[in-house]
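Peer 1: File name query_30.cif; file contents mmCIF, C-alpha atoms; full text below.
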```cif
data_my_file
#
loop_
_atom_site.label_atom_id
_atom_site.label_comp_id
_atom_site.auth_asym_id
_atom_site.auth_seq_id
_atom_site.Cartn_x
_atom_site.Cartn_y
_atom_site.Cartn_z
CA MET P 6 10.32 13.00 14.11
CA PRO P 7 6.62 13.28 13.20
CA ALA P 8 4.38 15.42 15.36
CA SER P 9 1.97 13.89 17.83
CA GLN P 10 -1.12 12.29 16.36
CA GLN P 11 -4.80 12.18 17.22
CA LEU P 12 -6.34 8.76 17.72
CA ARG P 13 -10.03 7.95 17.46
CA PHE P 14 -12.36 5.09 16.55
CA VAL P 15 -15.18 4.82 14.04
CA THR P 16 -17.67 2.03 13.59
CA ALA P 17 -18.23 0.30 10.24
CA ALA P 18 -21.67 -0.74 9.00
CA ASP P 19 -21.30 -4.27 10.41
CA GLY P 20 -20.26 -2.98 13.84
CA THR P 21 -16.51 -3.46 13.44
CA ARG P 22 -14.56 -0.82 15.33
CA ILE P 23 -11.79 0.80 13.26
CA ALA P 24 -8.82 2.67 14.77
CA VAL P 25 -8.00 5.94 12.98
CA ALA P 26 -4.97 8.19 13.41
CA SER P 27 -4.45 11.67 11.98
CA ILE P 28 -1.31 13.79 11.99
CA GLY P 29 -0.21 17.07 10.44
CA SER P 30 -2.22 19.89 8.86
CA GLY P 31 -3.15 20.99 5.37
CA PRO P 32 -5.16 19.32 2.60
CA ALA P 33 -6.36 15.85 3.59
CA LEU P 34 -4.38 12.82 2.41
CA VAL P 35 -6.01 9.50 3.34
CA ARG P 36 -4.19 6.17 3.19
CA ALA P 37 -6.48 3.23 2.48
CA ALA P 38 -5.66 0.49 4.98
CA HIS P 39 -3.36 -2.40 4.22
CA TRP P 40 -2.42 -5.16 6.60
CA LEU P 41 0.57 -5.08 8.95
CA SER P 42 -0.17 -1.65 10.40
CA HIS P 43 -0.51 -0.48 13.97
CA VAL P 44 -1.35 3.23 14.20
CA GLU P 45 0.29 3.59 17.63
CA HIS P 46 3.26 1.27 17.17
CA ASP P 47 4.12 2.88 13.81
CA LEU P 48 5.16 6.13 15.52
CA ALA P 49 8.33 4.45 16.78
CA SER P 50 8.97 2.45 13.63
CA PRO P 51 12.28 2.83 11.75
CA VAL P 52 10.28 1.87 8.63
CA TRP P 53 7.06 3.88 8.95
CA ARG P 54 8.25 6.88 11.00
CA PRO P 55 9.82 8.58 7.93
CA TRP P 56 6.55 8.07 6.04
CA LEU P 57 4.61 9.79 8.81
CA ALA P 58 7.04 12.70 8.98
CA ALA P 59 7.14 13.21 5.21
CA LEU P 60 3.44 12.79 4.42
CA SER P 61 2.28 14.95 7.34
CA SER P 62 4.67 17.80 6.54
CA GLN P 63 2.29 19.31 3.98
CA HIS P 64 -0.94 17.41 4.57
CA HIS P 65 -3.41 16.30 7.17
CA TYR P 66 -2.33 12.67 6.86
CA ILE P 67 -4.95 10.12 7.90
CA ARG P 68 -4.46 6.39 8.20
CA TYR P 69 -6.31 3.57 9.92
CA ASP P 70 -5.76 -0.03 10.91
CA GLN P 71 -7.45 -2.59 8.71
CA ARG P 72 -10.12 -4.71 10.38
CA GLY P 73 -8.50 -7.59 12.22
CA CYS P 74 -5.19 -5.69 12.55
CA GLY P 75 -3.52 -3.26 14.93
CA LEU P 76 -5.93 -1.43 17.23
CA SER P 77 -8.99 -2.19 15.11
CA ASP P 78 -11.30 -5.03 16.18
CA ALA P 79 -9.60 -8.42 15.95
CA ASP P 80 -12.77 -10.52 16.20
CA VAL P 81 -13.89 -10.15 12.59
CA ARG P 82 -15.79 -12.46 10.27
CA ASP P 83 -15.96 -10.50 7.04
CA PHE P 84 -12.64 -10.19 5.21
CA SER P 85 -13.78 -8.95 1.81
CA LEU P 86 -13.21 -6.06 -0.56
CA ASP P 87 -16.71 -4.72 0.13
CA ALA P 88 -16.03 -4.76 3.88
CA TRP P 89 -12.70 -2.96 3.42
CA VAL P 90 -14.30 -0.29 1.23
CA GLY P 91 -17.03 0.09 3.85
CA ASP P 92 -14.35 0.66 6.49
CA LEU P 93 -12.83 3.44 4.38
CA GLU P 94 -16.28 4.98 3.95
CA ALA P 95 -16.78 4.88 7.72
CA VAL P 96 -13.42 6.57 8.30
CA VAL P 97 -13.86 9.51 5.92
CA ASP P 98 -17.51 9.99 6.89
CA GLY P 99 -16.62 9.83 10.57
CA LEU P 100 -14.00 12.55 10.08
CA GLY P 101 -16.35 14.67 7.98
CA LEU P 102 -14.05 14.73 4.95
CA GLN P 103 -15.74 15.99 1.80
CA ARG P 104 -12.83 15.85 -0.64
CA PHE P 105 -9.34 14.41 -0.25
CA ALA P 106 -6.41 12.78 -1.97
CA LEU P 107 -6.39 8.99 -1.59
CA LEU P 108 -3.27 6.84 -1.25
CA GLY P 109 -3.50 3.08 -1.88
CA MET P 110 -0.46 0.95 -1.12
CA SER P 111 -0.18 -2.76 -1.89
CA GLN P 112 -3.57 -4.38 -1.17
CA GLY P 113 -4.89 -0.96 -0.20
CA GLY P 114 -4.69 -0.06 -3.88
CA ALA P 115 -7.71 -2.24 -4.67
CA VAL P 116 -9.65 -0.64 -1.80
CA ALA P 117 -8.73 2.83 -3.02
CA ILE P 118 -9.75 2.00 -6.60
CA ALA P 119 -13.12 0.63 -5.49
CA TYR P 120 -13.76 3.69 -3.32
CA ALA P 121 -12.79 6.11 -6.10
CA VAL P 122 -15.25 4.42 -8.45
CA ARG P 123 -18.05 4.60 -5.87
CA HIS P 124 -17.29 8.19 -4.81
CA PRO P 125 -15.42 10.01 -7.61
CA GLU P 126 -16.70 13.38 -6.42
CA ARG P 127 -14.81 13.00 -3.13
CA VAL P 128 -11.41 11.86 -4.44
CA SER P 129 -9.27 14.72 -5.76
CA GLN P 130 -6.33 12.48 -6.72
CA LEU P 131 -5.61 8.77 -6.52
CA VAL P 132 -2.05 7.59 -5.82
CA LEU P 133 -1.26 3.87 -6.06
CA VAL P 134 2.08 2.47 -4.84
CA GLY P 135 3.09 -1.18 -5.16
CA ALA P 136 -0.53 -1.99 -5.98
CA TYR P 137 -2.15 -4.59 -8.24
CA ALA P 138 -5.48 -5.40 -9.89
CA ARG P 139 -5.54 -9.17 -9.35
CA GLY P 140 -4.49 -11.21 -6.34
CA ALA P 141 -2.04 -14.10 -6.58
CA LEU P 142 -4.64 -16.87 -6.87
CA ARG P 143 -6.69 -14.89 -9.40
CA ARG P 144 -3.70 -14.37 -11.68
CA ALA P 145 -2.10 -17.82 -11.17
CA THR P 146 -1.86 -19.80 -14.41
CA THR P 147 0.18 -22.80 -13.27
CA GLU P 148 -0.08 -25.32 -10.47
CA ALA P 149 3.28 -24.13 -9.14
CA GLU P 150 1.97 -20.55 -8.78
CA ARG P 151 -1.13 -21.76 -6.96
CA LEU P 152 0.98 -23.97 -4.70
CA GLU P 153 3.27 -21.05 -3.80
CA SER P 154 0.30 -18.94 -2.70
CA GLN P 155 -1.28 -21.75 -0.72
CA THR P 156 2.06 -22.54 0.95
CA LEU P 157 2.45 -18.98 2.20
CA ILE P 158 -1.05 -19.11 3.69
CA LYS P 159 -0.25 -22.38 5.47
CA LEU P 160 3.07 -20.96 6.65
CA MET P 161 1.19 -18.16 8.36
CA ARG P 162 -1.14 -20.51 10.20
CA VAL P 163 1.76 -22.69 11.36
CA GLY P 164 4.51 -20.22 12.22
CA TRP P 165 3.15 -16.67 12.54
CA GLY P 166 2.62 -16.65 16.29
CA ARG P 167 5.77 -18.48 17.36
CA ASP P 168 8.50 -16.83 19.39
CA ASN P 169 11.04 -18.05 16.82
CA PRO P 170 10.99 -15.32 14.16
CA ALA P 171 12.28 -17.61 11.39
CA PHE P 172 8.81 -18.06 9.87
CA ARG P 173 8.02 -14.34 9.93
CA GLN P 174 11.42 -13.54 8.43
CA VAL P 175 10.22 -15.02 5.14
CA PHE P 176 7.65 -12.26 4.85
CA THR P 177 10.03 -9.59 6.14
CA ASN P 178 12.46 -10.37 3.32
CA LEU P 179 9.65 -10.07 0.79
CA PHE P 180 8.62 -6.63 2.05
CA ILE P 181 11.96 -4.94 2.81
CA PRO P 182 14.83 -7.08 1.46
CA ASP P 183 17.25 -4.13 1.61
CA GLY P 184 16.31 -3.10 5.13
CA THR P 185 18.82 -2.74 7.94
CA PRO P 186 18.99 -5.35 10.74
CA GLU P 187 17.05 -2.91 12.95
CA GLN P 188 14.35 -2.47 10.31
CA HIS P 189 14.11 -6.25 9.78
CA GLN P 190 13.81 -6.89 13.50
CA TRP P 191 11.12 -4.25 13.88
CA TRP P 192 9.15 -5.50 10.87
CA SER P 193 9.20 -9.07 12.17
CA GLU P 194 7.96 -7.83 15.54
CA LEU P 195 5.24 -5.78 13.83
CA GLU P 196 3.98 -8.92 12.13
CA ARG P 197 3.55 -10.58 15.52
CA LEU P 198 2.04 -7.56 17.25
CA THR P 199 -0.43 -6.40 14.64
CA VAL P 200 -2.37 -9.52 13.65
CA SER P 201 -3.05 -13.05 14.88
CA PRO P 202 -1.95 -16.07 12.80
CA GLU P 203 -5.53 -16.89 11.83
CA ASN P 204 -6.41 -13.31 10.88
CA ALA P 205 -3.17 -13.05 8.92
CA ALA P 206 -4.01 -16.20 6.96
CA ARG P 207 -7.63 -15.20 6.33
CA THR P 208 -6.58 -11.73 5.26
CA LEU P 209 -3.97 -13.08 2.85
CA GLU P 210 -6.55 -15.50 1.39
CA ALA P 211 -8.85 -12.55 0.73
CA PHE P 212 -6.02 -10.54 -0.83
CA TYR P 213 -5.19 -13.41 -3.15
CA ASP P 214 -8.81 -13.41 -4.38
CA ILE P 215 -8.92 -9.70 -5.28
CA ASP P 216 -9.85 -8.77 -8.85
CA VAL P 217 -10.53 -5.08 -9.58
CA ARG P 218 -9.71 -5.05 -13.27
CA ASP P 219 -13.23 -3.98 -14.24
CA LEU P 220 -13.28 -1.31 -11.53
CA ALA P 221 -9.87 0.02 -12.56
CA ALA P 222 -11.20 0.70 -16.05
CA GLN P 223 -13.98 2.81 -14.49
CA VAL P 224 -11.70 5.17 -12.53
CA ARG P 225 -12.32 8.76 -13.56
CA VAL P 226 -10.11 10.69 -11.15
CA PRO P 227 -6.50 11.81 -11.79
CA THR P 228 -4.29 8.81 -10.99
CA LEU P 229 -0.58 8.32 -10.37
CA VAL P 230 0.83 4.77 -10.21
CA MET P 231 4.31 4.10 -8.78
CA HIS P 232 6.02 0.72 -8.46
CA SER P 233 9.45 -0.63 -7.52
CA ARG P 234 11.26 -2.43 -10.34
CA GLY P 235 12.63 -5.13 -8.03
CA ASP P 236 9.52 -5.57 -5.84
CA SER P 237 9.54 -9.18 -4.59
CA ARG P 238 6.11 -8.98 -2.96
CA VAL P 239 4.20 -7.51 -5.92
CA PRO P 240 6.09 -7.91 -9.22
CA PHE P 241 6.80 -4.77 -11.27
CA VAL P 242 4.75 -5.99 -14.22
CA LEU P 243 1.59 -5.87 -12.09
CA GLY P 244 2.08 -2.15 -11.55
CA LEU P 245 2.46 -1.65 -15.29
CA GLN P 246 -0.69 -3.65 -15.94
CA LEU P 247 -2.63 -1.67 -13.35
CA ALA P 248 -1.58 1.67 -14.82
CA ALA P 249 -2.63 0.46 -18.28
CA LEU P 250 -6.11 -0.36 -16.98
CA ILE P 251 -6.81 3.08 -15.49
CA PRO P 252 -7.73 5.74 -18.09
CA GLY P 253 -5.15 8.52 -18.19
CA ALA P 254 -3.02 7.11 -15.35
CA ARG P 255 0.60 8.23 -15.15
CA PHE P 256 3.20 5.59 -14.30
CA VAL P 257 6.49 6.20 -12.47
CA PRO P 258 9.02 3.35 -12.00
CA LEU P 259 10.99 3.35 -8.77
CA GLU P 260 14.52 1.96 -8.64
CA SER P 261 14.19 -0.21 -5.55
CA ARG P 262 13.87 -3.82 -4.43
CA ASN P 263 11.68 -2.91 -1.47
CA HIS P 264 7.92 -3.30 -1.48
CA VAL P 265 7.80 -0.66 1.26
CA LEU P 266 10.22 2.16 0.40
CA LEU P 267 12.86 3.02 2.98
CA GLU P 268 14.14 6.48 3.82
CA GLY P 269 17.59 7.07 2.38
CA GLU P 270 17.28 5.00 -0.78
CA PRO P 271 17.18 6.99 -4.07
CA ALA P 272 13.63 5.86 -4.85
CA TRP P 273 12.39 7.47 -1.62
CA ASP P 274 13.20 11.01 -2.79
CA LEU P 275 11.66 10.38 -6.21
CA PHE P 276 8.51 8.96 -4.61
CA LEU P 277 8.05 12.02 -2.39
CA ARG P 278 8.75 14.44 -5.23
CA GLU P 279 6.25 12.75 -7.53
CA LEU P 280 3.58 12.41 -4.85
CA ARG P 281 3.87 16.02 -3.69
CA GLY P 282 3.91 17.36 -7.21
CA PHE P 283 0.89 15.31 -8.21
CA VAL P 284 -1.24 15.81 -5.12
CA GLY P 285 -0.28 19.47 -4.83
CA ALA P 286 -1.15 19.99 -8.49
CA GLN P 287 -4.84 19.99 -7.74
CA ALA P 288 -5.00 20.55 -4.02
CA VAL P 289 -6.36 24.10 -4.43
CA PRO P 290 -10.09 23.79 -5.20
CA GLY P 291 -11.69 25.83 -7.97
CA LEU P 292 -8.53 26.74 -9.88
CA GLU P 293 -9.25 24.34 -12.75
CA ALA P 294 -11.96 26.74 -13.91
CA LEU P 295 -9.35 29.46 -14.34
CA GLY P 296 -7.53 27.41 -16.92
CA LEU P 297 -4.45 26.50 -14.88
CA THR P 298 -2.68 23.37 -16.07
CA PRO P 299 -1.78 20.63 -13.54
CA SER P 300 1.84 21.80 -13.73
CA GLU P 301 0.84 25.41 -13.03
CA ARG P 302 -1.34 24.31 -10.11
CA ALA P 303 1.65 22.47 -8.64
CA VAL P 304 3.74 25.64 -8.90
CA LEU P 305 0.98 27.80 -7.43
CA GLN P 306 0.55 25.45 -4.48
CA LEU P 307 4.23 25.92 -3.59
CA VAL P 308 4.00 29.68 -4.09
CA ALA P 309 1.15 29.66 -1.58
CA GLN P 310 3.44 27.84 0.86
CA GLY P 311 5.94 30.69 0.60
CA LEU P 312 8.63 28.95 -1.47
CA ASP P 313 10.82 31.06 -3.76
CA ASN P 314 11.58 30.20 -7.39
CA HIS P 315 14.77 28.31 -6.55
CA ALA P 316 13.05 26.13 -3.95
CA ILE P 317 10.10 25.47 -6.26
CA ALA P 318 12.45 24.47 -9.07
CA GLN P 319 14.23 22.02 -6.77
CA ARG P 320 10.99 20.59 -5.39
CA LEU P 321 9.48 19.98 -8.83
CA SER P 322 12.72 19.17 -10.69
CA LYS P 323 12.31 22.12 -13.05
CA GLY P 324 14.62 24.88 -14.22
CA GLU P 325 14.27 28.25 -12.49
CA LYS P 326 13.52 29.90 -15.84
CA THR P 327 10.66 27.45 -16.39
CA VAL P 328 9.26 28.22 -12.94
CA ARG P 329 9.58 31.97 -13.58
CA ASN P 330 7.72 31.66 -16.88
CA GLN P 331 5.00 29.53 -15.32
CA ILE P 332 4.50 32.03 -12.52
CA SER P 333 4.09 34.80 -15.08
CA ALA P 334 1.46 32.70 -16.87
CA ILE P 335 -0.29 31.97 -13.55
CA PHE P 336 -0.40 35.67 -12.64
CA ALA P 337 -1.96 36.45 -16.02
CA LYS P 338 -4.64 33.78 -15.62
CA LEU P 339 -5.42 34.83 -12.03
CA GLY P 340 -5.43 38.52 -12.91
CA VAL P 341 -2.83 39.38 -10.24
CA HIS P 342 0.57 41.08 -10.31
CA THR P 343 2.41 39.89 -7.20
CA ARG P 344 3.01 36.69 -5.24
CA ALA P 345 1.14 38.17 -2.30
CA GLU P 346 -1.94 38.77 -4.45
CA ALA P 347 -1.69 35.24 -5.80
CA ILE P 348 -1.54 33.79 -2.29
CA VAL P 349 -4.58 35.83 -1.23
CA ARG P 350 -6.43 34.55 -4.31
CA VAL P 351 -5.57 30.94 -3.47
CA ARG P 352 -6.56 31.24 0.17
CA SER P 353 -9.83 32.92 -0.68
#
```
Could I get this structure in the form of structure tokens?
Peer 2:
Amino acid sequence: MPASQQLRFVTAADGTRIAVASIGSGPALVRAAHWLSHVEHDLASPVWRPWLAALSSQHHYIRYDQRGCGLSDADVRDFSLDAWVGDLEAVVDGLGLQRFALLGMSQGGAVAIAYAVRHPERVSQLVLVGAYARGALRRATTEAERLESQTLIKLMRVGWGRDNPAFRQVFTNLFIPDGTPEQHQWWSELERLTVSPENAARTLEAFYDIDVRDLAAQVRVPTLVMHSRGDSRVPFVLGLQLAALIPGARFVPLESRNHVLLEGEPAWDLFLRELRGFVGAQAVPGLEALGLTPSERAVLQLVAQGLDNHAIAQRLSKGEKTVRNQISAIFAKLGVHTRAEAIVRVRS
């Protein structure tokens, strides 16, 4: 179970009130908002609860409800990329964050990309999961593709708020096709609780109009892109295309059909291992100047957490001999002789 969270509100430039939740301690990890979130309701979620527990175990994990959703203001006029980026700016400024890792999932990937381009000095690492550069209507090339997108928008306006969950089940199956009956039931209920039919439709229309291809090419922060091969909501090829647009981005395929990964599936463990290794690789400020490689920084971060060589090797999927050799190289670069000295150097 995740620890208790702190809940607060910040106000965006246009006066929209945004609900923000923070949980855990350590380096800051901020999740750019995507729709279908509810920062209070998520604590009891069989889908999101494992995310909260895992991402707050080593980080100060911060997330917020998108405008028009969850506990954020529902009476909203501006559903645009600029407004969403402004909300993220309000959140990190309101919390006084100077530098942090940024996680963008699904539509939140475009928001995270735009923020990283505007404020590269504040983003230590960018992690994109199930994200895309162009929305469905922007990338549609046939009338059938355009009709599919428009039909889903109309389906929201007609069936989203009904007590009969049959309409919402269409979207549930797109997000978590391999979920359990409990997870499906909860997700369908989340759809009803978090956003009104009209806000859902207007939000989806705005998502379908996203195009951040030019911005993606301007990203200059370390970037990791992960995407499920069988993703029904955002096809795998879109993740590949996004990674190709971002200079130096690393791409990791996930063996899953779920748009939102579920605890217990093999892709979940790989996702956590890759995210922790990548974000931890540069979470200690100032060490780049000492000549440590990203791999060495990842090892040093775990040394600082008190892990032994065996645990580090398991966490980073390395051999113990490799870890031992890297630690020797780290000691030489830091000018220390023991793990204790290395930890003091990191913490200072």
Peer 1: Could you tell me, as a count of residues only, exactly which residues end up selected when the PyMOL selection byres ((chain P and resi 126) around 10) is applied to this structure?
Peer 2: 13
Peer 1: Residues at most 6 Å from Gly29 of chain P, counting only C-alpha atoms, excluding those fewer than 3 positions away in the same chain, as an NGL selection string?
Peer 2: :P and (61 or 64-65)
Peer 1: Using Å and a single decimal, report how far atom CA of Thr208 of chain P sits from atom CA of Ile158 of chain P.
Peer 2: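 Here the two named atoms are 9.4 Å from each other.
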Peer 1: When the PyMOL selection byres ((chain P and resi 49-56) around 9) is applied to the structure above, which residues does it catch, written out as a short mmCIF file (atom, residue, chain, number, x, y, z; two decimals) with C-alpha atoms, in the frame of the given file?
Peer 2:
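To be explicit, this is the file written out as part.cif:
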```cif
data_model
loop_
_atom_site.label_atom_id
_atom_site.label_comp_id
_atom_site.auth_asym_id
_atom_site.auth_seq_id
_atom_site.Cartn_x
_atom_site.Cartn_y
_atom_site.Cartn_z
CA MET P 6 10.32 13.00 14.11
CA PRO P 7 6.62 13.28 13.20
CA GLU P 45 0.29 3.59 17.63
CA HIS P 46 3.26 1.27 17.17
CA ASP P 47 4.12 2.88 13.81
CA LEU P 48 5.16 6.13 15.52
CA LEU P 57 4.61 9.79 8.81
CA ALA P 58 7.04 12.70 8.98
CA ALA P 59 7.14 13.21 5.21
CA LEU P 60 3.44 12.79 4.42
CA SER P 61 2.28 14.95 7.34
CA GLY P 184 16.31 -3.10 5.13
CA GLU P 187 17.05 -2.91 12.95
CA GLN P 188 14.35 -2.47 10.31
CA TRP P 191 11.12 -4.25 13.88
CA TRP P 192 9.15 -5.50 10.87
CA VAL P 265 7.80 -0.66 1.26
CA LEU P 266 10.22 2.16 0.40
CA LEU P 267 12.86 3.02 2.98
CA GLU P 268 14.14 6.48 3.82
#
```
Peer 1: Name every residue that the PyMOL selection byres ((chain P and resi 37) around 10) selects in this structure, writing the answer as a VMD selection string with chains first and numbers rising.
Peer 2: chain P and resid 34 to 36 38 to 39 67 to 71 89 to 90 92 to 93 96 107 to 118 120
Peer 1: Between atom CA of Ser9 of chain P and atom CA of Ala26 of chain P, measure the distance and give it in Å to one decimal.
Peer 2: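 Distance reported for this atom pair: 10.0 Å.
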Peer 1: By how many Å are atom CA of Arg144 of chain P and atom CA of Glu94 of chain P apart?
Peer 2: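 Between atom CA of Arg144 of chain P and atom CA of Glu94 of chain P the gap is 27.9 Å.
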Peer 1: Quick one: residues within 12 Å of Ala337 of chain P, only C-alpha atoms, excluding same-chain residues fewer than 5 positions away - as a ChimeraX atom specification?
Peer 2: /P:295-297,301,330-332,342-344,346-347
Peer 1: For segment 198-203 of chain P, work out the shell of residues within 8 Å, counting only C-alpha atoms and skipping chain neighbours fewer than 3 positions away, then give it as a PyMOL selection string.
Peer 2: chain P and resi 41-43+73-76+79+161-166+194-195+206-207
Peer 1: Using all atoms listed in the file for the distances, tell me which of P:Arg139, P:His189, P:Arg82, P:Arg22 is nearest to Gly99 of chain P.
Peer 2: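 With all atoms listed in the file as the atom set, the closest residue is P:Arg22.
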Peer 1: Find the residue from P:Gln11, P:Tyr66, P:Gln190, P:Phe84 that sits nearest to Ser30 of chain P; use all atoms listed in the file when measuring.
Peer 2: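 Of P:Gln11, P:Tyr66, P:Gln190, P:Phe84, the one nearest Ser30 of chain P is P:Tyr66, counting all atoms listed in the file.
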Peer 1: Go through P:Gly285, P:Ala138, P:Ser193, P:Trp273 one by one, measure the shortest atom-to-atom distance of each to Ala171 of chain P using only C-alpha atoms, and give the residue with the smallest value.
Peer 2: P:Ser193
Peer 1: When you look at segment 252-257 of chain P with a cut-off of 10 Å (counting all atoms listed in the file), what residues show up, excluding the ones that are within fewer than 2 positions of it in the same chain? I need them as a list in words.
Peer 2: Leu131, Val132, Leu133, Val134, Ala221, Ala222, Gln223, Val224, Arg225, Val226, Pro227, Thr228, Leu229, Val230, Met231, His232, Ser233, Gly244, Leu245, Leu247, Ala248, Ala249, Leu250, Leu259, Glu260, Leu275, Phe276, Glu279 and Phe283 of chain P
